[in-house]
Amino acid sequence: MHGPSGVFSKEFGMRARIAVLSLSVLLGAAASSAQNAAPGGPPRQVDYSTANCSGFITDARVPDEIRVVSGEQSNYKLTWTLGDYVYINRGQDKGVRVGDRFSVVRQDKDPTEVPWFKWQAKLFRAMGTQYLDAGQLRVVNVQPKVSIAQVIFACEYMQRGDIVVPYQDRPAPPFKDPAAFDHFAPVSGKPVAMVVGGKDYGQTFGKLSAVYVNLGTNQGVKVGDYFRVFRYQGSNAETVPQERGYQYTMYGFGSAPGRYAWNDLPREVLGEGIVINVSRNSSTMMITFNSVEVYAGDYVEIE
């Protein structure tokens with residue numbers, strides 16, 4: 001039979017053990033957090049999927065002689081994905097070897113059937129042809145005129161007719177510190193262009209969205225560069241409903257003492273993004289920071 005002091009001692013001991021266990025869990029979590037945020041550690045980088053699945057636009061010809069022609073279970077399968085085996089129309093006669101690695105791309109549909117802003121279709125045409133990334137293959141068996149390849153990385157499904165090109169590594173550039181973003185950054189004086197559109201026909205974008213910009217290597221752009229995204233105030237944008245002259249007067253909501261045009265008012269800096277793919281007249285940019293939604297038709301400048 002235990003007295004009150006014995007019960008207290010037993011209860012105290014149990015609470016003490018629980019407290020020690022809780023403290024150890026907290027210290028472990030703190031240590032893990034400290035490791036993740038350790039100063040001087042490796043910089044955060046664009047992840048592999050983003051670098052290899054964001055699509056691209058190019059005005060250069062993409063070789064399309066090698067194609068996915070079929071795959072296993074083709075009597076009922078229309079598409080193939082990670083782990084599946086597909087057949088490509090190249091074999092020993094064309095020098096294909098076991099272990100060869102390929103990327104699979106597909107020409108995308110016209111993204112401007114319903115344009116988001118006035119010049120969108122014209123800008124897309126000037127940039128080139130849009131392609132989506134389907135994934136990657138590794139050859140596992142080679143026959144005289146065809147080869148069998150396994151899907152080792154998938155962005156989405158693969159289908160008959162998809163274009164197969166030799167794999168090229170895409171660099172994953174490091175991010176800069178987002179705390180350095182300047183909401184009131186002055187004009188850089190470097191080339192200016194537009195967010196023309198985005199992956200999967202997107203027209204509004206946020207953090208980590210992949211967008212297409214009509215600046216490329218012809219304007220000195222390279223992977224890892226940063227674009228600043230901004231919007232002119234006082235212009236008649238097509239992306240939101242508004243009335244003419246709203247920048248200085250609006251019935252029932254006051255008016256300014258004078259008339260203001262877009263070049264009379266400060267621009268609004270919306271965010272920034274890093275270039276993850278580039279061709280001659282276009283870049284694929286991943287938005288790394290934004291304060292509000294970014295629209296197709298907003299402007300960018302090289303930082």
# chains A, B, ... in the order shown; residues from 1 in each chain; ligands from 1
$ residues_around --residues "segment 57-69 of chain A" --least-positions-apart "5" --cutoff "9 Å" --atoms "only C-alpha atoms" --output "ChimeraX atom specification"
/A:86-90,104,124-132,158-165,212,278-284
$ write_last_selection --atoms "C-alpha atoms" --output "PDB file, in the first residue's frame"
ATOM      1  CA  VAL A  86       8.357   1.635 -75.002  1.00  0.00           C
ATOM      2  CA  TYR A  87       9.689   0.960 -78.499  1.00  0.00           C
ATOM      3  CA  ILE A  88      11.656   3.521 -80.515  1.00  0.00           C
ATOM      4  CA  ASN A  89      12.325   3.370 -84.259  1.00  0.00           C
ATOM      5  CA  ARG A  90      16.115   3.122 -84.018  1.00  0.00           C
ATOM      6  CA  VAL A 104      11.064  12.613 -74.813  1.00  0.00           C
ATOM      7  CA  PHE A 124       4.552  33.323 -79.356  1.00  0.00           C
ATOM      8  CA  ARG A 125       5.129  33.000 -83.107  1.00  0.00           C
ATOM      9  CA  ALA A 126       8.262  35.151 -82.897  1.00  0.00           C
ATOM     10  CA  MET A 127       9.634  33.012 -80.057  1.00  0.00           C
ATOM     11  CA  GLY A 128       9.260  29.744 -81.972  1.00  0.00           C
ATOM     12  CA  THR A 129       7.539  26.420 -81.329  1.00  0.00           C
ATOM     13  CA  GLN A 130       6.452  25.329 -77.866  1.00  0.00           C
ATOM     14  CA  TYR A 131       7.373  21.850 -76.627  1.00  0.00           C
ATOM     15  CA  LEU A 132       6.411  20.026 -73.458  1.00  0.00           C
ATOM     16  CA  MET A 158       4.205   9.269 -73.267  1.00  0.00           C
ATOM     17  CA  GLN A 159       2.373   8.315 -76.443  1.00  0.00           C
ATOM     18  CA  ARG A 160       3.035   7.084 -79.970  1.00  0.00           C
ATOM     19  CA  GLY A 161       4.685   9.745 -82.101  1.00  0.00           C
ATOM     20  CA  ASP A 162       6.468  11.532 -79.256  1.00  0.00           C
ATOM     21  CA  ILE A 163       9.870  12.895 -80.283  1.00  0.00           C
ATOM     22  CA  VAL A 164      12.956  11.197 -78.830  1.00  0.00           C
ATOM     23  CA  VAL A 165      16.198  13.211 -78.614  1.00  0.00           C
ATOM     24  CA  TYR A 212       7.891  31.801 -70.984  1.00  0.00           C
ATOM     25  CA  VAL A 278      17.044  29.388 -72.699  1.00  0.00           C
ATOM     26  CA  SER A 279      17.039  29.419 -76.502  1.00  0.00           C
ATOM     27  CA  ARG A 280      17.756  32.196 -78.994  1.00  0.00           C
ATOM     28  CA  ASN A 281      14.554  34.208 -78.581  1.00  0.00           C
ATOM     29  CA  SER A 282      12.940  32.822 -75.434  1.00  0.00           C
ATOM     30  CA  SER A 283      13.567  31.740 -71.868  1.00  0.00           C
ATOM     31  CA  THR A 284      11.776  29.509 -69.414  1.00  0.00           C
TER      32      THR A 284
END
$ select_by_dssp --residues "segment 36-178 of chain A" --states "strand (DSSP E or B)" --output "VMD selection string"
chain A and resid 45 56 to 58 67 to 71 79 to 80 85 to 88 101 to 107 129 to 142 147 to 154 158 to 159 163 to 166 174
$ write_last_selection --atoms "N, CA and C atoms" --output "short mmCIF file (atom, residue, chain, number, x, y, z; two decimals), in the first residue's frame"
data_model
loop_
_atom_site.label_atom_id
_atom_site.label_comp_id
_atom_site.auth_asym_id
_atom_site.auth_seq_id
_atom_site.Cartn_x
_atom_site.Cartn_y
_atom_site.Cartn_z
N GLN A 45 18.64 25.06 -54.65
CA GLN A 45 18.70 25.02 -56.10
C GLN A 45 17.34 24.70 -56.70
N PHE A 56 9.68 24.17 -73.04
CA PHE A 56 10.54 25.20 -73.63
C PHE A 56 9.95 25.65 -74.95
N ILE A 57 10.42 26.79 -75.41
CA ILE A 57 10.06 27.33 -76.72
C ILE A 57 11.35 27.60 -77.47
N THR A 58 11.40 27.18 -78.71
CA THR A 58 12.62 27.38 -79.49
C THR A 58 12.27 27.66 -80.95
N ARG A 67 11.35 8.45 -82.88
CA ARG A 67 10.02 8.57 -82.30
C ARG A 67 9.70 7.35 -81.43
N VAL A 68 8.80 7.58 -80.48
CA VAL A 68 8.16 6.47 -79.79
C VAL A 68 7.13 5.90 -80.76
N VAL A 69 7.26 4.59 -81.08
CA VAL A 69 6.35 4.01 -82.07
C VAL A 69 5.32 3.09 -81.43
N SER A 70 5.63 2.56 -80.24
CA SER A 70 4.67 1.70 -79.54
C SER A 70 5.27 1.36 -78.18
N GLY A 71 4.71 0.32 -77.54
CA GLY A 71 5.21 -0.09 -76.24
C GLY A 71 4.56 -1.38 -75.80
N THR A 79 -1.05 5.00 -73.60
CA THR A 79 0.03 5.83 -73.07
C THR A 79 0.92 4.99 -72.16
N TRP A 80 2.13 5.50 -71.91
CA TRP A 80 3.08 4.81 -71.05
C TRP A 80 3.70 5.82 -70.10
N TYR A 85 7.83 0.01 -70.58
CA TYR A 85 8.75 -0.19 -71.69
C TYR A 85 8.10 0.30 -72.98
N VAL A 86 8.84 1.12 -73.72
CA VAL A 86 8.36 1.63 -75.00
C VAL A 86 9.33 1.24 -76.10
N TYR A 87 8.87 1.32 -77.35
CA TYR A 87 9.69 0.96 -78.50
C TYR A 87 10.00 2.22 -79.30
N ILE A 88 11.26 2.38 -79.68
CA ILE A 88 11.66 3.52 -80.51
C ILE A 88 12.17 2.99 -81.85
N ARG A 101 20.67 7.00 -73.25
CA ARG A 101 19.63 7.74 -72.54
C ARG A 101 19.05 8.81 -73.46
N PHE A 102 17.75 8.96 -73.43
CA PHE A 102 17.06 9.91 -74.30
C PHE A 102 16.04 10.72 -73.50
N SER A 103 15.74 11.91 -74.03
CA SER A 103 14.63 12.71 -73.52
C SER A 103 13.47 12.60 -74.51
N VAL A 104 12.26 12.69 -73.98
CA VAL A 104 11.06 12.61 -74.81
C VAL A 104 10.33 13.94 -74.71
N VAL A 105 10.06 14.56 -75.87
CA VAL A 105 9.35 15.84 -75.91
C VAL A 105 8.21 15.73 -76.91
N ARG A 106 7.30 16.67 -76.83
CA ARG A 106 6.13 16.67 -77.71
C ARG A 106 5.80 18.10 -78.09
N GLN A 107 5.58 18.35 -79.38
CA GLN A 107 5.16 19.68 -79.78
C GLN A 107 3.82 20.00 -79.15
N THR A 129 8.50 27.49 -81.57
CA THR A 129 7.54 26.42 -81.33
C THR A 129 7.63 25.97 -79.87
N GLN A 130 6.48 25.74 -79.27
CA GLN A 130 6.45 25.33 -77.87
C GLN A 130 6.44 23.80 -77.77
N TYR A 131 7.29 23.28 -76.87
CA TYR A 131 7.37 21.85 -76.63
C TYR A 131 7.15 21.59 -75.14
N LEU A 132 6.51 20.46 -74.85
CA LEU A 132 6.41 20.03 -73.46
C LEU A 132 7.38 18.87 -73.24
N ASP A 133 7.84 18.72 -72.02
CA ASP A 133 8.73 17.63 -71.63
C ASP A 133 7.88 16.47 -71.14
N ALA A 134 8.06 15.29 -71.74
CA ALA A 134 7.31 14.11 -71.30
C ALA A 134 8.11 13.26 -70.32
N GLY A 135 9.45 13.24 -70.47
CA GLY A 135 10.26 12.45 -69.55
C GLY A 135 11.53 11.94 -70.19
N GLN A 136 12.06 10.85 -69.65
CA GLN A 136 13.35 10.32 -70.11
C GLN A 136 13.29 8.80 -70.23
N LEU A 137 14.12 8.27 -71.15
CA LEU A 137 14.19 6.84 -71.43
C LEU A 137 15.62 6.34 -71.29
N ARG A 138 15.77 5.05 -70.95
CA ARG A 138 17.06 4.38 -71.02
C ARG A 138 16.88 3.09 -71.81
N VAL A 139 17.72 2.88 -72.83
CA VAL A 139 17.63 1.70 -73.69
C VAL A 139 18.06 0.46 -72.92
N VAL A 140 17.21 -0.59 -72.98
CA VAL A 140 17.51 -1.83 -72.26
C VAL A 140 17.70 -3.01 -73.20
N ASN A 141 17.28 -2.87 -74.46
CA ASN A 141 17.43 -3.95 -75.42
C ASN A 141 17.47 -3.35 -76.82
N VAL A 142 18.44 -3.82 -77.63
CA VAL A 142 18.59 -3.28 -78.98
C VAL A 142 18.40 -4.41 -79.99
N SER A 147 14.46 -0.45 -80.85
CA SER A 147 15.03 -0.65 -79.52
C SER A 147 13.92 -0.57 -78.49
N ILE A 148 14.15 -1.25 -77.37
CA ILE A 148 13.23 -1.20 -76.25
C ILE A 148 13.86 -0.31 -75.18
N ALA A 149 13.11 0.66 -74.68
CA ALA A 149 13.63 1.59 -73.67
C ALA A 149 12.64 1.66 -72.52
N GLN A 150 13.18 1.81 -71.32
CA GLN A 150 12.34 1.93 -70.14
C GLN A 150 12.19 3.40 -69.76
N VAL A 151 10.97 3.79 -69.36
CA VAL A 151 10.74 5.14 -68.87
C VAL A 151 11.35 5.24 -67.47
N ILE A 152 12.42 6.03 -67.33
CA ILE A 152 13.11 6.15 -66.05
C ILE A 152 12.79 7.45 -65.32
N PHE A 153 12.15 8.37 -66.02
CA PHE A 153 11.73 9.63 -65.40
C PHE A 153 10.55 10.15 -66.20
N ALA A 154 9.47 10.50 -65.51
CA ALA A 154 8.25 10.91 -66.21
C ALA A 154 7.76 12.25 -65.70
N MET A 158 3.62 9.28 -71.93
CA MET A 158 4.20 9.27 -73.27
C MET A 158 3.25 8.55 -74.19
N GLN A 159 3.30 8.89 -75.48
CA GLN A 159 2.37 8.32 -76.44
C GLN A 159 3.09 8.08 -77.77
N ILE A 163 8.52 12.71 -79.74
CA ILE A 163 9.87 12.90 -80.28
C ILE A 163 10.90 12.46 -79.24
N VAL A 164 11.90 11.70 -79.70
CA VAL A 164 12.96 11.20 -78.83
C VAL A 164 14.27 11.84 -79.25
N VAL A 165 14.93 12.52 -78.31
CA VAL A 165 16.20 13.21 -78.61
C VAL A 165 17.24 12.78 -77.60
N PRO A 166 18.54 12.82 -77.98
CA PRO A 166 19.59 12.46 -77.02
C PRO A 166 19.49 13.31 -75.76
N PRO A 174 21.45 27.79 -58.55
CA PRO A 174 21.05 28.11 -57.17
C PRO A 174 20.19 29.36 -57.11
#
$ residues_around --residues "Val294 of chain A" --least-positions-apart "2" --cutoff "8 Å" --atoms "only C-alpha atoms" --output "VMD selection string"
chain A and resid 204 to 206 229 270 290 292 296 298
$ residues_around --residues "Ser235 of chain A" --least-positions-apart "6" --cutoff "8 Å" --atoms "only C-alpha atoms" --output "ChimeraX atom specification"
/A:247,261-262
